[in-house]
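Asker: Below you'll find query13.txt; it's compact mmCIF, C-alpha atoms.
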```txt
# COMPACT_ATOMS: atom_id res chain seq x y z
CA MET A 651 -0.25 64.42 2.98
CA ALA A 652 -0.17 67.89 1.45
CA ARG A 653 -3.31 69.99 1.45
CA LYS A 654 -4.81 70.89 -1.89
CA THR A 655 -4.61 74.51 -2.94
CA ALA A 656 -7.73 76.43 -3.91
CA ASP A 657 -6.73 76.19 -7.57
CA GLU A 658 -6.26 72.41 -7.29
CA TRP A 659 -9.73 72.04 -5.75
CA PHE A 660 -11.25 74.31 -8.41
CA ALA A 661 -9.56 72.42 -11.25
CA ALA A 662 -10.91 69.12 -9.93
CA TYR A 663 -14.38 70.60 -9.39
CA GLY A 664 -14.34 72.28 -12.79
CA GLU A 665 -13.79 68.96 -14.59
CA SER A 666 -17.45 68.10 -14.13
CA HIS A 667 -18.69 71.66 -14.70
CA GLN A 668 -17.75 72.49 -18.29
CA HIS A 669 -21.09 72.72 -20.05
CA PRO A 670 -22.48 76.30 -20.01
CA HIS A 671 -25.99 75.11 -19.05
CA ASN A 672 -24.62 73.12 -16.14
CA GLU A 673 -22.55 76.13 -15.02
CA LEU A 674 -25.61 78.39 -15.18
CA ILE A 675 -27.65 75.90 -13.17
CA HIS A 676 -24.86 75.82 -10.58
CA TRP A 677 -24.85 79.62 -10.31
CA ILE A 678 -28.47 79.36 -9.21
CA CYS A 679 -28.63 76.08 -7.33
CA VAL A 680 -25.37 76.06 -5.34
CA PRO A 681 -26.21 79.28 -3.44
CA VAL A 682 -29.77 78.06 -2.85
CA ILE A 683 -28.54 74.73 -1.46
CA PHE A 684 -26.00 76.52 0.74
CA PHE A 685 -28.68 78.93 2.00
CA CYS A 686 -31.07 76.08 2.75
CA THR A 687 -28.41 74.10 4.57
CA LEU A 688 -27.86 77.11 6.83
CA GLY A 689 -31.65 77.26 7.19
CA PHE A 690 -31.75 73.67 8.37
CA THR A 691 -29.19 74.44 11.07
CA TRP A 692 -31.27 77.51 12.02
CA VAL A 693 -34.20 75.36 13.10
CA ILE A 694 -32.20 72.97 15.30
CA PRO A 695 -33.40 73.66 18.85
CA VAL A 696 -30.93 75.31 21.18
CA PRO A 697 -30.82 73.76 24.67
CA ALA A 698 -32.53 75.97 27.25
CA ALA A 699 -29.38 76.46 29.33
CA LEU A 700 -27.46 77.69 26.28
CA ALA A 701 -30.39 79.85 25.15
CA ASP A 702 -30.55 81.44 28.61
CA ALA A 703 -26.79 82.10 28.68
CA ALA A 704 -26.58 83.33 25.07
CA PRO A 705 -30.03 84.30 23.77
CA TRP A 706 -28.52 85.47 20.47
CA PHE A 707 -27.08 82.02 19.70
CA ASN A 708 -28.39 79.59 17.09
CA TRP A 709 -26.71 76.65 15.40
CA THR A 710 -26.35 78.54 12.13
CA LEU A 711 -23.72 80.74 13.77
CA ALA A 712 -21.77 77.62 14.77
CA ALA A 713 -22.08 76.25 11.22
CA ILE A 714 -20.87 79.55 9.75
CA GLY A 715 -17.91 79.49 12.13
CA GLY A 716 -16.95 75.94 11.15
CA VAL A 717 -17.35 76.55 7.43
CA THR A 718 -15.36 79.77 7.67
CA GLY A 719 -12.55 77.75 9.27
CA PHE A 720 -12.58 75.40 6.27
CA TYR A 721 -12.48 78.35 3.86
CA LEU A 722 -9.69 80.08 5.82
CA ARG A 723 -7.51 77.01 5.28
CA LEU A 724 -8.30 77.27 1.58
CA SER A 725 -7.80 81.03 1.13
CA ALA A 726 -8.17 84.01 3.47
CA PRO A 727 -9.48 86.33 0.74
CA LEU A 728 -12.00 83.74 -0.46
CA SER A 729 -13.11 83.12 3.11
CA ALA A 730 -13.83 86.85 3.48
CA GLY A 731 -16.05 86.83 0.40
CA LEU A 732 -17.79 83.66 1.51
CA LEU A 733 -18.28 85.06 5.01
CA PHE A 734 -19.97 88.06 3.39
CA PHE A 735 -22.18 85.67 1.38
CA MET A 736 -23.00 83.71 4.55
CA SER A 737 -23.90 86.99 6.28
CA LEU A 738 -26.36 87.72 3.48
CA CYS A 739 -27.76 84.20 3.89
CA TYR A 740 -28.12 84.81 7.63
CA ALA A 741 -29.99 88.05 7.00
CA GLY A 742 -32.26 86.22 4.56
CA LEU A 743 -32.95 83.54 7.15
CA VAL A 744 -33.86 86.20 9.71
CA LEU A 745 -36.29 87.79 7.25
CA ILE A 746 -37.93 84.49 6.31
CA ASP A 747 -38.11 83.36 9.93
CA PHE A 748 -39.85 86.55 11.03
CA PHE A 749 -41.95 87.50 8.03
CA SER A 750 -42.79 84.39 6.01
CA PRO A 751 -46.25 82.90 6.42
CA TRP A 752 -44.58 79.47 6.11
CA PRO A 753 -42.14 77.97 8.59
CA LEU A 754 -38.50 78.39 7.63
CA TRP A 755 -37.90 74.65 7.52
CA LYS A 756 -40.69 74.19 4.95
CA VAL A 757 -39.33 76.98 2.75
CA CYS A 758 -35.89 75.36 2.93
CA VAL A 759 -37.16 71.84 2.19
CA VAL A 760 -38.94 73.01 -0.96
CA ALA A 761 -36.06 75.21 -2.19
CA PHE A 762 -33.44 72.58 -1.29
CA THR A 763 -35.31 69.85 -3.15
CA LEU A 764 -35.84 71.98 -6.26
CA ALA A 765 -32.19 73.08 -6.24
CA TRP A 766 -30.94 69.49 -6.04
CA VAL A 767 -33.24 68.50 -8.88
CA GLY A 768 -31.68 71.36 -10.85
CA GLN A 769 -28.17 70.19 -9.94
CA PHE A 770 -28.85 66.66 -11.16
CA ILE A 771 -30.41 67.99 -14.36
CA GLY A 772 -27.24 70.06 -14.87
CA HIS A 773 -25.05 67.01 -14.39
CA ARG A 774 -27.25 65.00 -16.73
CA ILE A 775 -26.67 67.71 -19.36
CA GLU A 776 -22.95 67.66 -18.52
CA GLY A 777 -22.81 63.89 -18.76
CA LYS A 778 -20.70 63.64 -15.60
CA LYS A 779 -21.46 62.72 -12.02
CA PRO A 780 -21.51 65.44 -9.34
CA SER A 781 -18.09 65.98 -7.74
CA PHE A 782 -19.34 65.42 -4.20
CA LEU A 783 -19.90 61.74 -5.02
CA GLN A 784 -16.10 61.51 -5.20
CA ASP A 785 -15.35 63.66 -2.12
CA LEU A 786 -17.87 65.31 0.22
CA SER A 787 -15.54 68.31 0.55
CA PHE A 788 -16.78 69.35 -2.87
CA LEU A 789 -20.06 70.37 -1.22
CA LEU A 790 -18.09 73.27 0.29
CA ILE A 791 -15.89 73.77 -2.77
CA GLY A 792 -18.86 74.61 -5.02
CA PRO A 793 -19.59 77.99 -3.36
CA ALA A 794 -15.86 78.82 -3.25
CA TRP A 795 -15.53 77.90 -6.93
CA LEU A 796 -18.30 80.36 -7.77
CA MET A 797 -16.71 83.02 -5.55
CA SER A 798 -13.42 82.54 -7.39
CA PHE A 799 -15.16 83.59 -10.62
CA ILE A 800 -16.47 86.72 -8.91
CA TYR A 801 -12.99 87.53 -7.61
CA ARG A 802 -11.44 87.05 -11.05
CA ARG A 803 -14.14 89.24 -12.62
CA LEU A 804 -13.33 91.98 -10.08
CA GLY A 805 -9.62 91.57 -10.65
CA GLN A 806 -9.08 90.35 -7.08
CA ARG A 807 -6.59 87.69 -6.10
CA TYR A 808 -7.64 84.82 -3.93
```
Could the structure of this file be written out as structure tokens, please?
Answerer:
Amino acid sequence: MARKTADEWFAAYGESHQHPHNELIHWICVPVIFFCTLGFTWVIPVPAALADAAPWFNWTLAAIGGVTGFYLRLSAPLSAGLLFFMSLCYAGLVLIDFFSPWPLWKVCVVAFTLAWVGQFIGHRIEGKKPSFLQDLSFLLIGPAWLMSFIYRRLGQRY
């Protein structure tokens, strides 16, 4: 079975993201959902033996590594942009974890919930079901789809 190209994934994803209000909602909600998902991995406890051997480690780094592998198979240039985005997310998680008066997991639960409500409102406006109901890979395609727009705007190939 042949792998889909980035453009094939984006065309399939784009079919249910045509309405300008839905697109705008996705520009806000997809990054928030991605950020919160990384936040959820941040709070997974690291076993003591691993924490002693690698005190810098947390599960978000493992998640970023795995997701970067998925994006590398899709497109090396896109994976670089998405790795930059994930680095910004990581920095945001560090800031929230250290400086927020609320626990990181609570911040992520609230933001994640609101973002998903927004996503479903966008798809209600669109009149089409979210793509991930067809294939869970679309949960990772959404951020790459947005990054492809940024690349095109900058005149960069992906």
Asker: Need to verify the contact set: A:Gly792, 12 Å, all atoms listed in the file, exclusion of same-chain residues closer than 6 positions in sequence. Can you return it as a PDB file with C-alpha atoms, in the coordinates of the input?
Answerer:
```pdb
ATOM      1  CA  ALA A 656      -7.730  76.430  -3.910  1.00  0.00           C
ATOM      2  CA  TRP A 659      -9.730  72.040  -5.750  1.00  0.00           C
ATOM      3  CA  PHE A 660     -11.250  74.310  -8.410  1.00  0.00           C
ATOM      4  CA  ALA A 661      -9.560  72.420 -11.250  1.00  0.00           C
ATOM      5  CA  ALA A 662     -10.910  69.120  -9.930  1.00  0.00           C
ATOM      6  CA  TYR A 663     -14.380  70.600  -9.390  1.00  0.00           C
ATOM      7  CA  GLY A 664     -14.340  72.280 -12.790  1.00  0.00           C
ATOM      8  CA  SER A 666     -17.450  68.100 -14.130  1.00  0.00           C
ATOM      9  CA  HIS A 667     -18.690  71.660 -14.700  1.00  0.00           C
ATOM     10  CA  GLU A 673     -22.550  76.130 -15.020  1.00  0.00           C
ATOM     11  CA  HIS A 676     -24.860  75.820 -10.580  1.00  0.00           C
ATOM     12  CA  TRP A 677     -24.850  79.620 -10.310  1.00  0.00           C
ATOM     13  CA  ILE A 678     -28.470  79.360  -9.210  1.00  0.00           C
ATOM     14  CA  CYS A 679     -28.630  76.080  -7.330  1.00  0.00           C
ATOM     15  CA  VAL A 680     -25.370  76.060  -5.340  1.00  0.00           C
ATOM     16  CA  PRO A 681     -26.210  79.280  -3.440  1.00  0.00           C
ATOM     17  CA  VAL A 682     -29.770  78.060  -2.850  1.00  0.00           C
ATOM     18  CA  ILE A 683     -28.540  74.730  -1.460  1.00  0.00           C
ATOM     19  CA  PHE A 684     -26.000  76.520   0.740  1.00  0.00           C
ATOM     20  CA  TYR A 721     -12.480  78.350   3.860  1.00  0.00           C
ATOM     21  CA  LEU A 732     -17.790  83.660   1.510  1.00  0.00           C
ATOM     22  CA  GLN A 769     -28.170  70.190  -9.940  1.00  0.00           C
ATOM     23  CA  PRO A 780     -21.510  65.440  -9.340  1.00  0.00           C
ATOM     24  CA  SER A 781     -18.090  65.980  -7.740  1.00  0.00           C
ATOM     25  CA  PHE A 782     -19.340  65.420  -4.200  1.00  0.00           C
ATOM     26  CA  ASP A 785     -15.350  63.660  -2.120  1.00  0.00           C
ATOM     27  CA  LEU A 786     -17.870  65.310   0.220  1.00  0.00           C
ATOM     28  CA  SER A 798     -13.420  82.540  -7.390  1.00  0.00           C
ATOM     29  CA  PHE A 799     -15.160  83.590 -10.620  1.00  0.00           C
TER      30      PHE A 799
END
```
Asker: When you look at A:Arg807 with a cut-off of 10 Å (counting only C-alpha atoms), what residues show up, excluding the ones that are within fewer than 5 positions of it in the same chain? I need them as a ChimeraX atom specification.
Answerer: /A:725,727-728,798,801-802
Asker: Nearest to A:Ile800 among A:Pro695, A:Gly768, A:Gly731, A:Pro670, with distances taken over only C-alpha atoms: which residue is it?
Answerer: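 The answer is A:Gly731, which sits nearest to A:Ile800.
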Asker: Name all residues at most 12 Å from stretch 738-747 of chain A (count all atoms listed in the file; drop same-chain ones fewer than 2 positions away) and give them as a compact mmCIF listing (two decimals) with C-alpha atoms, in the frame of the given file.
Answerer:
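The resulting file, around04.txt, is reproduced below:
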```txt
# COMPACT_ATOMS: atom_id res chain seq x y z
CA PRO A 681 -26.21 79.28 -3.44
CA VAL A 682 -29.77 78.06 -2.85
CA ILE A 683 -28.54 74.73 -1.46
CA PHE A 684 -26.00 76.52 0.74
CA PHE A 685 -28.68 78.93 2.00
CA CYS A 686 -31.07 76.08 2.75
CA THR A 687 -28.41 74.10 4.57
CA LEU A 688 -27.86 77.11 6.83
CA GLY A 689 -31.65 77.26 7.19
CA PHE A 690 -31.75 73.67 8.37
CA THR A 691 -29.19 74.44 11.07
CA TRP A 692 -31.27 77.51 12.02
CA VAL A 693 -34.20 75.36 13.10
CA ASN A 708 -28.39 79.59 17.09
CA TRP A 709 -26.71 76.65 15.40
CA THR A 710 -26.35 78.54 12.13
CA LEU A 711 -23.72 80.74 13.77
CA ALA A 712 -21.77 77.62 14.77
CA ALA A 713 -22.08 76.25 11.22
CA ILE A 714 -20.87 79.55 9.75
CA GLY A 731 -16.05 86.83 0.40
CA LEU A 732 -17.79 83.66 1.51
CA LEU A 733 -18.28 85.06 5.01
CA PHE A 734 -19.97 88.06 3.39
CA PHE A 735 -22.18 85.67 1.38
CA MET A 736 -23.00 83.71 4.55
CA PHE A 749 -41.95 87.50 8.03
CA SER A 750 -42.79 84.39 6.01
CA PRO A 751 -46.25 82.90 6.42
CA TRP A 752 -44.58 79.47 6.11
CA PRO A 753 -42.14 77.97 8.59
CA LEU A 754 -38.50 78.39 7.63
CA TRP A 755 -37.90 74.65 7.52
CA LYS A 756 -40.69 74.19 4.95
CA VAL A 757 -39.33 76.98 2.75
CA CYS A 758 -35.89 75.36 2.93
```
Asker: Quick one: distance from atom CA of A:Thr718 to atom CA of A:Trp706 in Å, one decimal?
Answerer: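 It comes out at 19.2 Å.
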Asker: At most 9 Å from (-18.6, 63.7, -17.7), file frame, all atoms listed in the file: which residues, as a list in words?
Answerer: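 Every residue inside that radius is included here: Glu665, Ser666, His667, Gln668, His773, Arg774, Glu776, Gly777, Lys778 and Lys779 of chain A.
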Asker: Find the residues near A:Ile775: any atom within 9 Å, counting all atoms listed in the file, skip ones fewer than 5 places away on the same chain, and give them as a PDB file with C-alpha atoms, keeping the file's coordinate frame.
Answerer:
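Output below, filename out10.pdb:
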```pdb
ATOM      1  CA  HIS A 669     -21.090  72.720 -20.050  1.00  0.00           C
ATOM      2  CA  HIS A 671     -25.990  75.110 -19.050  1.00  0.00           C
ATOM      3  CA  ASN A 672     -24.620  73.120 -16.140  1.00  0.00           C
ATOM      4  CA  PHE A 770     -28.850  66.660 -11.160  1.00  0.00           C
TER       5      PHE A 770
END
```
Asker: When you draw a straight line from atom CA of A:Phe762 to atom CA of A:Pro705, how long is it in Å?
Answerer: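 Taking atom CA of A:Phe762 and atom CA of A:Pro705, their separation equals 27.9 Å.
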Asker: Do you have the atom CA of A:Tyr808-atom CA of A:Ala726 distance handy?
Answerer: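 Straight-line distance from atom CA of A:Tyr808 to atom CA of A:Ala726 works out to 7.5 Å.
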Asker: Show me, as AutoDock Vina command-line options, the centre and edge lengths in Å to one decimal of the axis-aligned box that covers every listed atom of stretch 652-660 of chain A with 8 Å on each side.
Answerer:
```
--center_x -5.7 --center_y 72.2 --center_z -3.5 --size_x 27.1 --size_y 24.5 --size_z 25.9
```
